[in-house]
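> If it helps, the file is called structure18.txt and holds compact mmCIF, N, CA and C atoms:
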```txt
# COMPACT_ATOMS: atom_id res chain seq x y z
N MET A 247 0.83 -1.19 0.00
CA MET A 247 0.00 0.00 0.00
C MET A 247 0.87 1.25 0.00
N SER A 248 1.92 1.23 0.83
CA SER A 248 2.79 2.39 0.91
C SER A 248 3.55 2.60 -0.40
N SER A 249 3.91 1.53 -1.10
CA SER A 249 4.61 1.68 -2.38
C SER A 249 3.68 2.23 -3.45
N VAL A 250 2.38 1.91 -3.39
CA VAL A 250 1.40 2.44 -4.34
C VAL A 250 1.23 3.93 -4.10
N LEU A 251 1.17 4.35 -2.83
CA LEU A 251 1.04 5.75 -2.48
C LEU A 251 2.27 6.53 -2.95
N SER A 252 3.45 5.99 -2.75
CA SER A 252 4.69 6.64 -3.19
C SER A 252 4.70 6.80 -4.71
N LEU A 253 4.23 5.78 -5.42
CA LEU A 253 4.20 5.83 -6.87
C LEU A 253 3.24 6.91 -7.34
N ASN A 254 2.08 7.03 -6.68
CA ASN A 254 1.11 8.07 -7.03
C ASN A 254 1.68 9.46 -6.79
N VAL A 255 2.39 9.65 -5.68
CA VAL A 255 2.99 10.96 -5.37
C VAL A 255 4.02 11.31 -6.44
N LEU A 256 4.84 10.35 -6.83
CA LEU A 256 5.84 10.59 -7.87
C LEU A 256 5.18 10.92 -9.20
N SER A 257 4.09 10.24 -9.51
CA SER A 257 3.38 10.49 -10.77
C SER A 257 2.80 11.89 -10.79
N ILE A 258 2.23 12.31 -9.68
CA ILE A 258 1.62 13.63 -9.60
C ILE A 258 2.69 14.71 -9.66
N SER A 259 3.80 14.51 -8.95
CA SER A 259 4.86 15.52 -8.96
C SER A 259 5.45 15.68 -10.35
N GLY A 260 5.43 14.65 -11.15
CA GLY A 260 5.92 14.74 -12.53
C GLY A 260 5.01 15.57 -13.41
N CYS A 261 3.79 15.84 -12.95
CA CYS A 261 2.84 16.63 -13.73
C CYS A 261 2.96 18.12 -13.45
N SER A 262 3.75 18.50 -12.46
CA SER A 262 3.87 19.93 -12.17
C SER A 262 4.54 20.63 -13.33
N SER A 263 4.23 21.91 -13.50
CA SER A 263 4.79 22.62 -14.64
C SER A 263 5.90 23.56 -14.21
N ASP A 264 6.80 23.76 -15.11
CA ASP A 264 7.89 24.71 -14.93
C ASP A 264 7.67 25.77 -16.01
N LYS A 265 7.68 27.02 -15.65
CA LYS A 265 7.38 28.09 -16.60
C LYS A 265 8.27 28.02 -17.83
N SER A 266 9.52 27.63 -17.66
CA SER A 266 10.44 27.63 -18.80
C SER A 266 10.04 26.61 -19.85
N HIS A 267 9.31 25.54 -19.48
CA HIS A 267 8.89 24.55 -20.47
C HIS A 267 7.85 25.14 -21.41
N GLY A 268 7.09 26.11 -20.96
CA GLY A 268 6.04 26.71 -21.78
C GLY A 268 6.56 27.82 -22.68
N GLU A 269 7.82 28.21 -22.56
CA GLU A 269 8.36 29.29 -23.36
C GLU A 269 8.99 28.74 -24.62
N SER A 270 8.90 29.51 -25.67
CA SER A 270 9.52 29.09 -26.92
C SER A 270 11.04 29.24 -26.83
N GLU A 271 11.74 28.59 -27.75
CA GLU A 271 13.19 28.73 -27.79
C GLU A 271 13.58 30.18 -28.04
N ILE A 272 12.81 30.87 -28.87
CA ILE A 272 13.11 32.27 -29.18
C ILE A 272 13.01 33.11 -27.91
N THR A 273 11.96 32.91 -27.13
CA THR A 273 11.80 33.67 -25.89
C THR A 273 12.97 33.40 -24.96
N GLN A 274 13.37 32.14 -24.82
CA GLN A 274 14.49 31.81 -23.94
C GLN A 274 15.78 32.43 -24.47
N GLN A 275 15.96 32.45 -25.79
CA GLN A 275 17.16 33.04 -26.36
C GLN A 275 17.15 34.55 -26.14
N GLN A 276 15.98 35.20 -26.30
CA GLN A 276 15.89 36.63 -26.07
C GLN A 276 16.27 36.96 -24.64
N LYS A 277 15.81 36.14 -23.70
CA LYS A 277 16.14 36.37 -22.30
C LYS A 277 17.64 36.27 -22.07
N SER A 278 18.30 35.34 -22.75
CA SER A 278 19.73 35.17 -22.54
C SER A 278 20.53 36.32 -23.13
N ASN A 279 19.95 37.07 -24.06
CA ASN A 279 20.64 38.21 -24.67
C ASN A 279 20.33 39.52 -23.97
N THR A 280 19.41 39.52 -23.04
CA THR A 280 19.05 40.76 -22.36
C THR A 280 20.10 41.11 -21.33
N THR A 281 19.96 42.30 -20.80
CA THR A 281 20.94 42.77 -19.83
C THR A 281 20.65 42.21 -18.44
N SER A 282 21.68 42.17 -17.64
CA SER A 282 21.53 41.68 -16.28
C SER A 282 21.63 42.85 -15.30
N LYS A 283 21.00 42.71 -14.17
CA LYS A 283 21.04 43.74 -13.15
C LYS A 283 22.41 43.75 -12.49
N SER A 284 22.82 44.91 -12.06
CA SER A 284 24.10 45.05 -11.39
C SER A 284 23.91 45.92 -10.17
N THR A 285 24.84 45.87 -9.27
CA THR A 285 24.70 46.63 -8.04
C THR A 285 25.82 47.64 -7.84
N HIS A 286 26.53 48.00 -8.91
CA HIS A 286 27.63 48.95 -8.79
C HIS A 286 27.10 50.31 -8.34
N LYS A 287 27.65 50.83 -7.26
CA LYS A 287 27.33 52.17 -6.79
C LYS A 287 28.64 52.89 -6.52
N GLU A 288 28.67 54.17 -6.88
CA GLU A 288 29.90 54.93 -6.75
C GLU A 288 29.53 56.39 -6.51
N VAL A 289 30.29 57.06 -5.66
CA VAL A 289 30.10 58.49 -5.40
C VAL A 289 31.42 59.18 -5.70
N GLY A 290 31.33 60.33 -6.37
CA GLY A 290 32.55 61.07 -6.66
C GLY A 290 32.25 62.28 -7.53
N GLU A 291 33.31 62.85 -8.06
CA GLU A 291 33.21 64.07 -8.86
C GLU A 291 32.97 63.73 -10.33
N ALA A 292 31.96 64.39 -10.91
CA ALA A 292 31.66 64.22 -12.33
C ALA A 292 32.03 65.50 -13.07
N SER A 293 32.42 65.33 -14.32
CA SER A 293 32.64 66.46 -15.21
C SER A 293 31.89 66.16 -16.50
N TRP A 294 31.97 67.07 -17.46
CA TRP A 294 31.29 66.82 -18.72
C TRP A 294 32.18 67.20 -19.89
N TYR A 295 31.86 66.62 -21.05
CA TYR A 295 32.59 66.95 -22.27
C TYR A 295 31.62 67.03 -23.43
N GLY A 296 32.00 67.78 -24.46
CA GLY A 296 31.07 67.94 -25.57
C GLY A 296 31.69 68.51 -26.82
N PRO A 297 31.65 69.85 -26.99
CA PRO A 297 31.99 70.46 -28.27
C PRO A 297 33.31 70.00 -28.90
N GLY A 298 34.36 69.89 -28.14
CA GLY A 298 35.65 69.49 -28.69
C GLY A 298 35.71 68.04 -29.13
N PHE A 299 34.74 67.24 -28.72
CA PHE A 299 34.74 65.81 -29.04
C PHE A 299 33.61 65.43 -30.00
N GLN A 300 32.75 66.39 -30.33
CA GLN A 300 31.61 66.13 -31.20
C GLN A 300 32.08 65.49 -32.51
N GLY A 301 31.47 64.36 -32.86
CA GLY A 301 31.78 63.68 -34.11
C GLY A 301 32.99 62.77 -34.07
N LYS A 302 33.71 62.76 -32.97
CA LYS A 302 34.89 61.89 -32.86
C LYS A 302 34.46 60.50 -32.39
N GLU A 303 35.34 59.54 -32.61
CA GLU A 303 35.03 58.16 -32.25
C GLU A 303 35.22 57.93 -30.75
N THR A 304 34.24 57.25 -30.14
CA THR A 304 34.33 56.90 -28.72
C THR A 304 35.08 55.58 -28.59
N ALA A 305 35.36 55.20 -27.37
CA ALA A 305 36.12 53.97 -27.10
C ALA A 305 35.41 52.72 -27.61
N ASN A 306 34.08 52.76 -27.73
CA ASN A 306 33.39 51.57 -28.23
C ASN A 306 33.12 51.64 -29.73
N GLY A 307 33.68 52.66 -30.40
CA GLY A 307 33.56 52.76 -31.85
C GLY A 307 32.42 53.62 -32.36
N GLU A 308 31.56 54.09 -31.48
CA GLU A 308 30.48 54.98 -31.88
C GLU A 308 31.03 56.37 -32.19
N THR A 309 30.23 57.14 -32.91
CA THR A 309 30.55 58.55 -33.12
C THR A 309 29.94 59.33 -31.96
N PHE A 310 30.76 60.12 -31.27
CA PHE A 310 30.28 60.87 -30.11
C PHE A 310 29.28 61.93 -30.55
N ASP A 311 28.15 61.98 -29.87
CA ASP A 311 27.12 62.99 -30.09
C ASP A 311 26.81 63.61 -28.74
N GLN A 312 27.22 64.86 -28.56
CA GLN A 312 27.04 65.53 -27.28
C GLN A 312 25.58 65.73 -26.90
N LYS A 313 24.67 65.52 -27.85
CA LYS A 313 23.24 65.68 -27.58
C LYS A 313 22.60 64.40 -27.06
N GLU A 314 23.36 63.30 -27.04
CA GLU A 314 22.86 62.02 -26.52
C GLU A 314 23.18 61.91 -25.04
N LEU A 315 22.39 61.10 -24.33
CA LEU A 315 22.60 60.90 -22.89
C LEU A 315 23.58 59.74 -22.69
N THR A 316 24.87 60.07 -22.83
CA THR A 316 25.93 59.08 -22.72
C THR A 316 26.98 59.56 -21.73
N ALA A 317 27.92 58.66 -21.43
CA ALA A 317 28.98 59.00 -20.47
C ALA A 317 30.21 58.15 -20.70
N ALA A 318 31.32 58.66 -20.18
CA ALA A 318 32.58 57.92 -20.18
C ALA A 318 32.89 57.50 -18.75
N HIS A 319 33.25 56.24 -18.58
CA HIS A 319 33.60 55.71 -17.25
C HIS A 319 34.85 54.86 -17.42
N PRO A 320 35.74 54.85 -16.42
CA PRO A 320 36.99 54.11 -16.59
C PRO A 320 36.86 52.59 -16.63
N SER A 321 35.82 52.02 -16.02
CA SER A 321 35.79 50.56 -15.93
C SER A 321 34.44 49.89 -16.17
N LEU A 322 33.34 50.59 -16.11
CA LEU A 322 32.04 49.94 -16.34
C LEU A 322 31.99 49.41 -17.77
N PRO A 323 31.38 48.25 -17.98
CA PRO A 323 31.31 47.69 -19.33
C PRO A 323 30.58 48.63 -20.30
N MET A 324 31.05 48.65 -21.53
CA MET A 324 30.38 49.44 -22.57
C MET A 324 28.93 48.97 -22.68
N GLY A 325 28.03 49.93 -22.81
CA GLY A 325 26.61 49.62 -22.92
C GLY A 325 25.89 49.61 -21.59
N THR A 326 26.63 49.71 -20.49
CA THR A 326 25.99 49.76 -19.17
C THR A 326 25.07 50.96 -19.10
N LYS A 327 23.91 50.76 -18.52
CA LYS A 327 22.98 51.87 -18.29
C LYS A 327 23.06 52.22 -16.81
N ALA A 328 23.21 53.52 -16.55
CA ALA A 328 23.40 53.97 -15.17
C ALA A 328 22.55 55.20 -14.89
N LYS A 329 22.14 55.30 -13.64
CA LYS A 329 21.45 56.50 -13.16
C LYS A 329 22.50 57.35 -12.46
N VAL A 330 22.61 58.61 -12.85
CA VAL A 330 23.56 59.53 -12.23
C VAL A 330 22.75 60.61 -11.52
N THR A 331 23.03 60.80 -10.23
CA THR A 331 22.32 61.78 -9.42
C THR A 331 23.27 62.88 -9.01
N ASN A 332 22.88 64.13 -9.27
CA ASN A 332 23.64 65.29 -8.83
C ASN A 332 23.36 65.45 -7.34
N LEU A 333 24.35 65.25 -6.50
CA LEU A 333 24.15 65.28 -5.05
C LEU A 333 23.97 66.70 -4.51
N GLU A 334 24.24 67.71 -5.33
CA GLU A 334 24.06 69.10 -4.89
C GLU A 334 22.64 69.60 -5.10
N ASN A 335 21.92 69.04 -6.10
CA ASN A 335 20.56 69.52 -6.34
C ASN A 335 19.52 68.40 -6.48
N GLY A 336 19.94 67.15 -6.42
CA GLY A 336 19.01 66.02 -6.48
C GLY A 336 18.54 65.63 -7.87
N LYS A 337 18.97 66.35 -8.91
CA LYS A 337 18.54 66.01 -10.27
C LYS A 337 19.21 64.73 -10.73
N LYS A 338 18.48 63.98 -11.58
CA LYS A 338 18.94 62.66 -12.02
C LYS A 338 18.86 62.55 -13.54
N VAL A 339 19.73 61.69 -14.08
CA VAL A 339 19.69 61.40 -15.51
C VAL A 339 20.14 59.96 -15.72
N ASP A 340 19.53 59.30 -16.69
CA ASP A 340 19.94 57.96 -17.08
C ASP A 340 20.87 58.09 -18.28
N VAL A 341 22.03 57.45 -18.19
CA VAL A 341 23.01 57.51 -19.27
C VAL A 341 23.42 56.10 -19.68
N ARG A 342 24.05 56.02 -20.85
CA ARG A 342 24.62 54.76 -21.33
C ARG A 342 26.12 54.97 -21.47
N ILE A 343 26.90 54.05 -20.93
CA ILE A 343 28.35 54.15 -21.02
C ILE A 343 28.80 53.74 -22.43
N ASN A 344 29.47 54.68 -23.13
CA ASN A 344 29.95 54.38 -24.48
C ASN A 344 31.38 54.86 -24.72
N ASP A 345 32.05 55.28 -23.64
CA ASP A 345 33.40 55.81 -23.79
C ASP A 345 34.20 55.55 -22.53
N ARG A 346 35.51 55.75 -22.62
CA ARG A 346 36.40 55.61 -21.46
C ARG A 346 36.84 56.99 -21.00
N GLY A 347 37.09 57.11 -19.75
CA GLY A 347 37.48 58.36 -19.12
C GLY A 347 36.78 58.42 -17.79
N PRO A 348 36.80 59.48 -17.11
CA PRO A 348 37.54 60.71 -17.40
C PRO A 348 39.03 60.53 -17.12
N TYR A 349 39.81 61.41 -17.70
CA TYR A 349 41.25 61.32 -17.52
C TYR A 349 41.78 62.39 -16.56
N ALA A 350 40.89 63.21 -16.04
CA ALA A 350 41.27 64.20 -15.02
C ALA A 350 41.28 63.51 -13.66
N GLU A 351 42.33 63.71 -12.90
CA GLU A 351 42.47 63.06 -11.60
C GLU A 351 41.31 63.44 -10.67
N GLY A 352 40.80 62.44 -9.97
CA GLY A 352 39.74 62.68 -9.00
C GLY A 352 38.33 62.63 -9.56
N ARG A 353 38.18 62.43 -10.85
CA ARG A 353 36.86 62.37 -11.47
C ARG A 353 36.45 60.91 -11.66
N VAL A 354 35.15 60.64 -11.48
CA VAL A 354 34.66 59.26 -11.61
C VAL A 354 33.89 59.01 -12.90
N ILE A 355 33.37 60.09 -13.52
CA ILE A 355 32.58 59.94 -14.75
C ILE A 355 32.63 61.24 -15.52
N ASP A 356 32.63 61.13 -16.84
CA ASP A 356 32.52 62.26 -17.76
C ASP A 356 31.18 62.13 -18.46
N LEU A 357 30.35 63.13 -18.35
CA LEU A 357 29.01 63.09 -18.94
C LEU A 357 28.98 63.86 -20.25
N SER A 358 28.11 63.45 -21.15
CA SER A 358 27.90 64.23 -22.38
C SER A 358 27.29 65.57 -22.00
N SER A 359 27.37 66.52 -22.91
CA SER A 359 26.80 67.84 -22.68
C SER A 359 25.32 67.75 -22.32
N ALA A 360 24.58 66.90 -23.03
CA ALA A 360 23.14 66.75 -22.78
C ALA A 360 22.87 66.20 -21.38
N ALA A 361 23.67 65.23 -20.95
CA ALA A 361 23.49 64.66 -19.61
C ALA A 361 23.83 65.69 -18.54
N ALA A 362 24.89 66.47 -18.77
CA ALA A 362 25.28 67.51 -17.82
C ALA A 362 24.18 68.57 -17.70
N LYS A 363 23.55 68.88 -18.82
CA LYS A 363 22.46 69.86 -18.81
C LYS A 363 21.30 69.36 -17.96
N LYS A 364 20.96 68.07 -18.10
CA LYS A 364 19.87 67.49 -17.31
C LYS A 364 20.17 67.56 -15.81
N LEU A 365 21.45 67.46 -15.45
CA LEU A 365 21.84 67.53 -14.04
C LEU A 365 22.06 68.96 -13.57
N ASP A 366 21.90 69.91 -14.48
CA ASP A 366 22.09 71.34 -14.18
C ASP A 366 23.49 71.60 -13.61
N MET A 367 24.50 71.06 -14.30
CA MET A 367 25.88 71.21 -13.83
C MET A 367 26.81 71.81 -14.87
N LYS A 368 26.28 72.19 -16.03
CA LYS A 368 27.15 72.67 -17.11
C LYS A 368 27.91 73.93 -16.72
N GLU A 369 27.24 74.84 -16.06
CA GLU A 369 27.88 76.11 -15.70
C GLU A 369 29.03 75.89 -14.72
N ASP A 370 28.82 75.02 -13.74
CA ASP A 370 29.86 74.75 -12.74
C ASP A 370 31.00 73.90 -13.32
N GLY A 371 30.71 73.08 -14.29
CA GLY A 371 31.73 72.24 -14.91
C GLY A 371 31.91 70.89 -14.27
N SER A 372 31.71 70.82 -12.97
CA SER A 372 31.80 69.54 -12.26
C SER A 372 30.90 69.59 -11.04
N THR A 373 30.57 68.41 -10.53
CA THR A 373 29.72 68.32 -9.34
C THR A 373 29.87 66.94 -8.72
N GLN A 374 29.46 66.81 -7.48
CA GLN A 374 29.45 65.52 -6.80
C GLN A 374 28.23 64.73 -7.28
N VAL A 375 28.45 63.47 -7.63
CA VAL A 375 27.36 62.62 -8.12
C VAL A 375 27.40 61.26 -7.47
N LYS A 376 26.26 60.59 -7.58
CA LYS A 376 26.16 59.17 -7.23
C LYS A 376 25.84 58.44 -8.52
N ILE A 377 26.57 57.37 -8.79
CA ILE A 377 26.35 56.54 -9.98
C ILE A 377 25.79 55.21 -9.51
N GLU A 378 24.66 54.80 -10.08
CA GLU A 378 24.06 53.51 -9.77
C GLU A 378 23.76 52.81 -11.09
N THR A 379 24.38 51.66 -11.31
CA THR A 379 24.10 50.95 -12.55
C THR A 379 22.70 50.36 -12.50
N LYS A 380 22.02 50.47 -13.63
CA LYS A 380 20.68 49.91 -13.78
C LYS A 380 20.75 48.55 -14.45
N SER A 381 21.64 48.43 -15.42
CA SER A 381 21.83 47.16 -16.11
C SER A 381 23.17 47.17 -16.82
N THR A 382 23.71 45.98 -16.98
CA THR A 382 24.97 45.83 -17.72
C THR A 382 24.77 44.74 -18.77
N PRO A 383 25.43 44.88 -19.90
CA PRO A 383 25.29 43.85 -20.94
C PRO A 383 25.84 42.52 -20.45
N LYS A 384 25.17 41.44 -20.85
CA LYS A 384 25.70 40.11 -20.53
C LYS A 384 26.92 39.85 -21.39
N LYS A 385 27.85 39.09 -20.84
CA LYS A 385 29.08 38.79 -21.59
C LYS A 385 28.85 37.64 -22.53
```
Write the structure described by the file as structure tokens, please.

Amino acid sequence: MSSVLSLNVLSISGCSSDKSHGESEITQQQKSNTTSKSTHKEVGEASWYGPGFQGKETANGETFDQKELTAAHPSLPMGTKAKVTNLENGKKVDVRINDRGPYAEGRVIDLSSAAAKKLDMKEDGSTQVKIETKSTPKK
């Protein structure tokens, strides 16, 4: 009797569903190509760059456009999306890392002209910021 009960329990447990079995191969492949969450947080001095670099090639091969919400960071993977908060006024902007830098000592990120404008820091040239990654490309 106990072996019949065990067999029934095993049979029933084999009927449970796993969400991944119901997904198509395409859906599973799309998920594997999406970005992953990251927990990188950093506080430091930000600066911005623009006119002198307009149209030049960035470290990832793109053409720099100062009107795009992009940034240069020394180590975050290219394509990382990050939220940058101006700690002096609380303004925030979402940027995509597409370049390397900054090369000025003590700076943690170089923002495009458009991103600096959103943070209301263009006139000052630099400000204290918090960087929080939202997603990073999968390797």
> Select, from A:Glu314, A:Glu303, A:Glu378, A:Asp370, the residue with the minimum atom-to-atom distance to Asp345 in chain A, counting only N, CA and C atoms.
A:Glu303
> Take CA of Gly307 in chain A and CA of Val339 in chain A and report the distance between them in Å, one decimal.
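Atom-to-atom, CA of Gly307 in chain A and CA of Val339 in chain A are spaced 23.1 Å apart.
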> Write out as a list in words the residues lying within 6 Å of Gln300 in chain A, counting only N, CA and C atoms and excluding same-chain residues fewer than 5 positions away.
Phe310, Asp311 and Gln312 of chain A
> In terms of the shortest atom-to-atom distance over only C-alpha atoms, which of A:Gly336, A:Lys376, A:Lys364, A:Ile355 is closest to Lys287 in chain A?
A:Lys376
> Pick the closest to Glu291 in chain A from A:Arg346, A:Val375, A:Asn335, A:Asp356: which is it, counting only C-alpha atoms?
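Ranking A:Arg346, A:Val375, A:Asn335, A:Asp356 by distance to Glu291 in chain A, first place goes to A:Val375.
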> Kindly give the distance, in Å, that separates CA of Ala305 in chain A and CA of Asp366 in chain A, rounded to a single decimal.
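For CA of Ala305 in chain A relative to CA of Asp366 in chain A, the distance reads 25.8 Å.
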> Would you please work out which residue, of A:Gln374, A:Ser293, A:Leu365, A:Gly352, is nearest to Lys338 in chain A when using all atoms listed in the file?
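Between A:Gln374, A:Ser293, A:Leu365, A:Gly352, the residue approaching Lys338 in chain A most closely is A:Leu365.
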> Please identify all polymer residues within 8 Å of Lys327 in chain A, counting all atoms listed in the file, omitting same-chain residues fewer than 2 positions from it, and present them as a list of chain:residue names.
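The contact residues come out as A:Pro323, A:Met324, A:Gly325, A:Lys329, A:Val330, A:Asp340, A:Val341, A:Arg342, A:Ile343, A:Glu378, A:Thr379, A:Lys380, A:Ser381, A:Thr382, A:Pro383.
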> Mind giving me the straight-line distance from CA of Ala328 in chain A to CA of Thr285 in chain A in Å, one decimal?
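Those two atoms sit 10.3 Å apart.
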